[in-house]
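Source file query.pdb; content: PDB, C-alpha atoms, pLDDT in the B column.
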```
MODEL        1
ATOM      1  CA  MET A   8     -53.038 -29.470  29.197  1.00 95.00           C
ATOM      2  CA  VAL A   9     -55.192 -26.642  30.505  1.00 96.00           C
ATOM      3  CA  LEU A  10     -53.969 -23.044  30.824  1.00 94.00           C
ATOM      4  CA  SER A  11     -53.974 -23.143  34.632  1.00 92.00           C
ATOM      5  CA  GLN A  12     -51.255 -25.857  34.493  1.00 93.00           C
ATOM      6  CA  ALA A  13     -48.843 -23.816  32.345  1.00 94.00           C
ATOM      7  CA  GLU A  14     -45.736 -22.550  34.111  1.00 93.00           C
ATOM      8  CA  PRO A  15     -45.103 -18.788  34.448  1.00 94.00           C
ATOM      9  CA  GLY A  16     -42.868 -17.442  31.688  1.00 94.00           C
ATOM     10  CA  LYS A  17     -43.776 -20.261  29.308  1.00 91.00           C
ATOM     11  CA  GLU A  18     -45.368 -19.520  25.937  1.00 95.00           C
ATOM     12  CA  VAL A  19     -48.196 -21.839  24.908  1.00 97.00           C
ATOM     13  CA  THR A  20     -50.638 -21.976  22.004  1.00 97.00           C
ATOM     14  CA  LEU A  21     -54.386 -21.983  22.529  1.00 97.00           C
ATOM     15  CA  VAL A  22     -55.830 -25.144  20.981  1.00 97.00           C
ATOM     16  CA  ASP A  23     -59.484 -25.178  22.076  1.00 96.00           C
ATOM     17  CA  ILE A  24     -61.983 -23.787  24.555  1.00 96.00           C
ATOM     18  CA  VAL A  25     -64.159 -26.314  26.354  1.00 95.00           C
ATOM     19  CA  GLY A  26     -67.457 -24.697  27.168  1.00 93.00           C
ATOM     20  CA  GLY A  27     -70.678 -23.242  25.889  1.00 94.00           C
ATOM     21  CA  ARG A  28     -71.453 -20.251  23.742  1.00 96.00           C
ATOM     22  CA  GLY A  29     -71.191 -17.816  26.665  1.00 95.00           C
ATOM     23  CA  ILE A  30     -67.622 -18.542  27.727  1.00 94.00           C
ATOM     24  CA  ARG A  31     -66.451 -19.027  24.136  1.00 95.00           C
ATOM     25  CA  GLY A  32     -67.936 -15.671  23.138  1.00 95.00           C
ATOM     26  CA  LYS A  33     -66.354 -13.889  26.099  1.00 95.00           C
ATOM     27  CA  LEU A  34     -62.899 -15.345  25.427  1.00 95.00           C
ATOM     28  CA  PHE A  35     -63.179 -14.706  21.664  1.00 95.00           C
ATOM     29  CA  SER A  36     -64.041 -11.053  22.398  1.00 94.00           C
ATOM     30  CA  MET A  37     -60.855 -10.854  24.507  1.00 93.00           C
ATOM     31  CA  GLY A  38     -58.848 -12.062  21.501  1.00 93.00           C
ATOM     32  CA  LEU A  39     -58.358 -15.603  22.779  1.00 95.00           C
ATOM     33  CA  ILE A  40     -59.059 -17.711  19.711  1.00 94.00           C
ATOM     34  CA  PRO A  41     -57.480 -21.026  18.641  1.00 96.00           C
ATOM     35  CA  GLY A  42     -53.920 -20.484  17.408  1.00 97.00           C
ATOM     36  CA  THR A  43     -53.241 -17.510  19.708  1.00 96.00           C
ATOM     37  CA  LYS A  44     -49.848 -17.495  21.457  1.00 97.00           C
ATOM     38  CA  ILE A  45     -50.237 -16.951  25.216  1.00 96.00           C
ATOM     39  CA  THR A  46     -47.513 -16.236  27.767  1.00 96.00           C
ATOM     40  CA  VAL A  47     -48.326 -16.859  31.429  1.00 95.00           C
ATOM     41  CA  ILE A  48     -46.978 -13.906  33.417  1.00 95.00           C
ATOM     42  CA  ASN A  49     -48.084 -14.707  36.956  1.00 93.00           C
ATOM     43  CA  LYS A  50     -49.818 -17.675  38.524  1.00 90.00           C
ATOM     44  CA  ALA A  51     -50.071 -17.130  42.269  1.00 85.00           C
ATOM     45  CA  ALA A  52     -51.592 -19.734  44.572  1.00 82.00           C
ATOM     46  CA  ALA A  53     -54.669 -17.553  45.017  1.00 86.00           C
ATOM     47  CA  GLY A  54     -56.205 -15.060  42.659  1.00 89.00           C
ATOM     48  CA  PRO A  55     -56.371 -14.729  38.909  1.00 94.00           C
ATOM     49  CA  ILE A  56     -53.881 -15.950  36.321  1.00 95.00           C
ATOM     50  CA  ILE A  57     -52.191 -13.025  34.563  1.00 95.00           C
ATOM     51  CA  LEU A  58     -51.287 -13.638  30.936  1.00 95.00           C
ATOM     52  CA  ARG A  59     -50.135 -11.851  27.800  1.00 96.00           C
ATOM     53  CA  ALA A  60     -51.894 -12.453  24.498  1.00 94.00           C
ATOM     54  CA  ARG A  61     -51.650 -10.308  21.362  1.00 89.00           C
ATOM     55  CA  ASP A  62     -49.814  -7.443  23.129  1.00 90.00           C
ATOM     56  CA  SER A  63     -52.470  -7.261  25.865  1.00 93.00           C
ATOM     57  CA  ARG A  64     -52.350  -8.277  29.507  1.00 96.00           C
ATOM     58  CA  LEU A  65     -55.354 -10.225  30.709  1.00 96.00           C
ATOM     59  CA  ALA A  66     -56.467 -11.618  34.050  1.00 95.00           C
ATOM     60  CA  LEU A  67     -58.503 -14.821  34.057  1.00 95.00           C
ATOM     61  CA  GLY A  68     -60.067 -16.653  36.961  1.00 94.00           C
ATOM     62  CA  ARG A  69     -59.024 -20.249  37.558  1.00 92.00           C
ATOM     63  CA  GLY A  70     -62.399 -21.630  36.474  1.00 92.00           C
ATOM     64  CA  MET A  71     -62.102 -19.935  33.100  1.00 94.00           C
ATOM     65  CA  ALA A  72     -58.429 -20.913  32.745  1.00 94.00           C
ATOM     66  CA  ASN A  73     -59.387 -24.566  33.346  1.00 94.00           C
ATOM     67  CA  LYS A  74     -61.572 -24.456  30.218  1.00 95.00           C
ATOM     68  CA  ILE A  75     -58.735 -23.326  27.911  1.00 96.00           C
ATOM     69  CA  ILE A  76     -56.791 -26.170  26.294  1.00 97.00           C
ATOM     70  CA  VAL A  77     -53.197 -25.263  25.338  1.00 97.00           C
ATOM     71  CA  GLU A  78     -50.121 -27.051  24.029  1.00 96.00           C
TER      72      GLU A  78
ENDMDL
END
```

Just dump the structure as structure tokens.
Amino acid sequence: MVLSQAEPGKEVTLVDIVGGRGIRGKLFSMGLIPGTKITVINKAAAGPIILRARDSRLALGRGMANKIIVE
């Protein structure tokens, strides 16, 4: 499933990032690498998805969240 489908409060594990070097590099620099535990904090109908990863809070747009494969 993709990150944008995860329910708020649920912890998931990042499996893969579907995309080119640009998006992979940006997410890797944010600490989002395969194996990272991610907790979705807020997923409103509009706006970014707020998540917690490695003791940091991050905001990702839906387009970017749709490229992150989690389990």

What does the structure give for the distance between CA of Pro41 in chain A and CA of Ile75 in chain A, in Å to one decimal?
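CA of Pro41 in chain A sits 9.6 Å away from CA of Ile75 in chain A.
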
Any chance you could work out the residue set of the PyMOL selection byres ((chain A and resi 37) around 12) here, as a PyMOL selection string?
chain A and resi 30-36+38-40+43+58-67

Store the residues picked out above, limited to C-alpha atoms, as an mmCIF file, in the coordinates of the input.
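Once written, out-v3.cif looks like this:
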```cif
data_model
loop_
_atom_site.group_PDB
_atom_site.id
_atom_site.type_symbol
_atom_site.label_atom_id
_atom_site.label_comp_id
_atom_site.auth_asym_id
_atom_site.auth_seq_id
_atom_site.Cartn_x
_atom_site.Cartn_y
_atom_site.Cartn_z
ATOM 1 C CA ILE A 30 -67.622 -18.542 27.727
ATOM 2 C CA ARG A 31 -66.451 -19.027 24.136
ATOM 3 C CA GLY A 32 -67.936 -15.671 23.138
ATOM 4 C CA LYS A 33 -66.354 -13.889 26.099
ATOM 5 C CA LEU A 34 -62.899 -15.345 25.427
ATOM 6 C CA PHE A 35 -63.179 -14.706 21.664
ATOM 7 C CA SER A 36 -64.041 -11.053 22.398
ATOM 8 C CA GLY A 38 -58.848 -12.062 21.501
ATOM 9 C CA LEU A 39 -58.358 -15.603 22.779
ATOM 10 C CA ILE A 40 -59.059 -17.711 19.711
ATOM 11 C CA THR A 43 -53.241 -17.510 19.708
ATOM 12 C CA LEU A 58 -51.287 -13.638 30.936
ATOM 13 C CA ARG A 59 -50.135 -11.851 27.800
ATOM 14 C CA ALA A 60 -51.894 -12.453 24.498
ATOM 15 C CA ARG A 61 -51.650 -10.308 21.362
ATOM 16 C CA ASP A 62 -49.814 -7.443 23.129
ATOM 17 C CA SER A 63 -52.470 -7.261 25.865
ATOM 18 C CA ARG A 64 -52.350 -8.277 29.507
ATOM 19 C CA LEU A 65 -55.354 -10.225 30.709
ATOM 20 C CA ALA A 66 -56.467 -11.618 34.050
ATOM 21 C CA LEU A 67 -58.503 -14.821 34.057
#
```

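Proximity of A:Val25, A:Glu18, A:Met71, A:Ser11 to Ile45 in chain A, computed with all atoms listed in the file, is greatest for A:Glu18.
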
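The set of protein, DNA and RNA residues with any counted atom at most 6 Å from (-54.5, -23.6, 20.0) (all atoms listed in the file) reads Thr20, Leu21, Val22, Asp23, Pro41, Gly42 and Val77 of chain A.
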
Between A:Val47, A:Ala53, A:Ala13, A:Gly29, which residue has the minimum interatomic distance to Ile76 in chain A, considering only C-alpha atoms?
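Looking only at the distances to Ile76 in chain A, the closest residue turns out to be A:Ala13.
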
A straight line from CA of Ala72 in chain A to CA of Ile56 in chain A spans 7.6 Å

Hey, can I get the axis-aligned box for range 53-65 of chain A? All listed atoms, 6 Å padding on each side, centre and edge lengths in Å to one decimal, as lines of an AutoDock Vina configuration file.
```
center_x = -53.1
center_y = -12.4
center_z = 33.2
size_x = 18.6
size_y = 22.3
size_z = 35.7
```

Given the choices A:Gly54, A:Thr46, A:Lys74, A:Gly27, which gets closest to Glu14 in chain A if the distance is worked out from all atoms listed in the file?
A:Thr46

So what do you get for CA of Val9 in chain A versus CA of Ile57 in chain A, distance-wise?
14.5 Å

Compare A:Pro55, A:Glu78, A:Lys44, A:Lys50 by their minimum atom-to-atom distance to Met8 in chain A, counting only C-alpha atoms, and give me the closest one.
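Residue with the minimum atom-to-atom distance to Met8 in chain A: A:Glu78.
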
Would you mind telling me which residue in A:Pro15, A:Arg28, A:Gly68, A:Asn73 lies nearest to Asn49 in chain A when using all atoms listed in the file?
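When distances to Asn49 in chain A are compared using all atoms listed in the file, the smallest one comes from A:Pro15.
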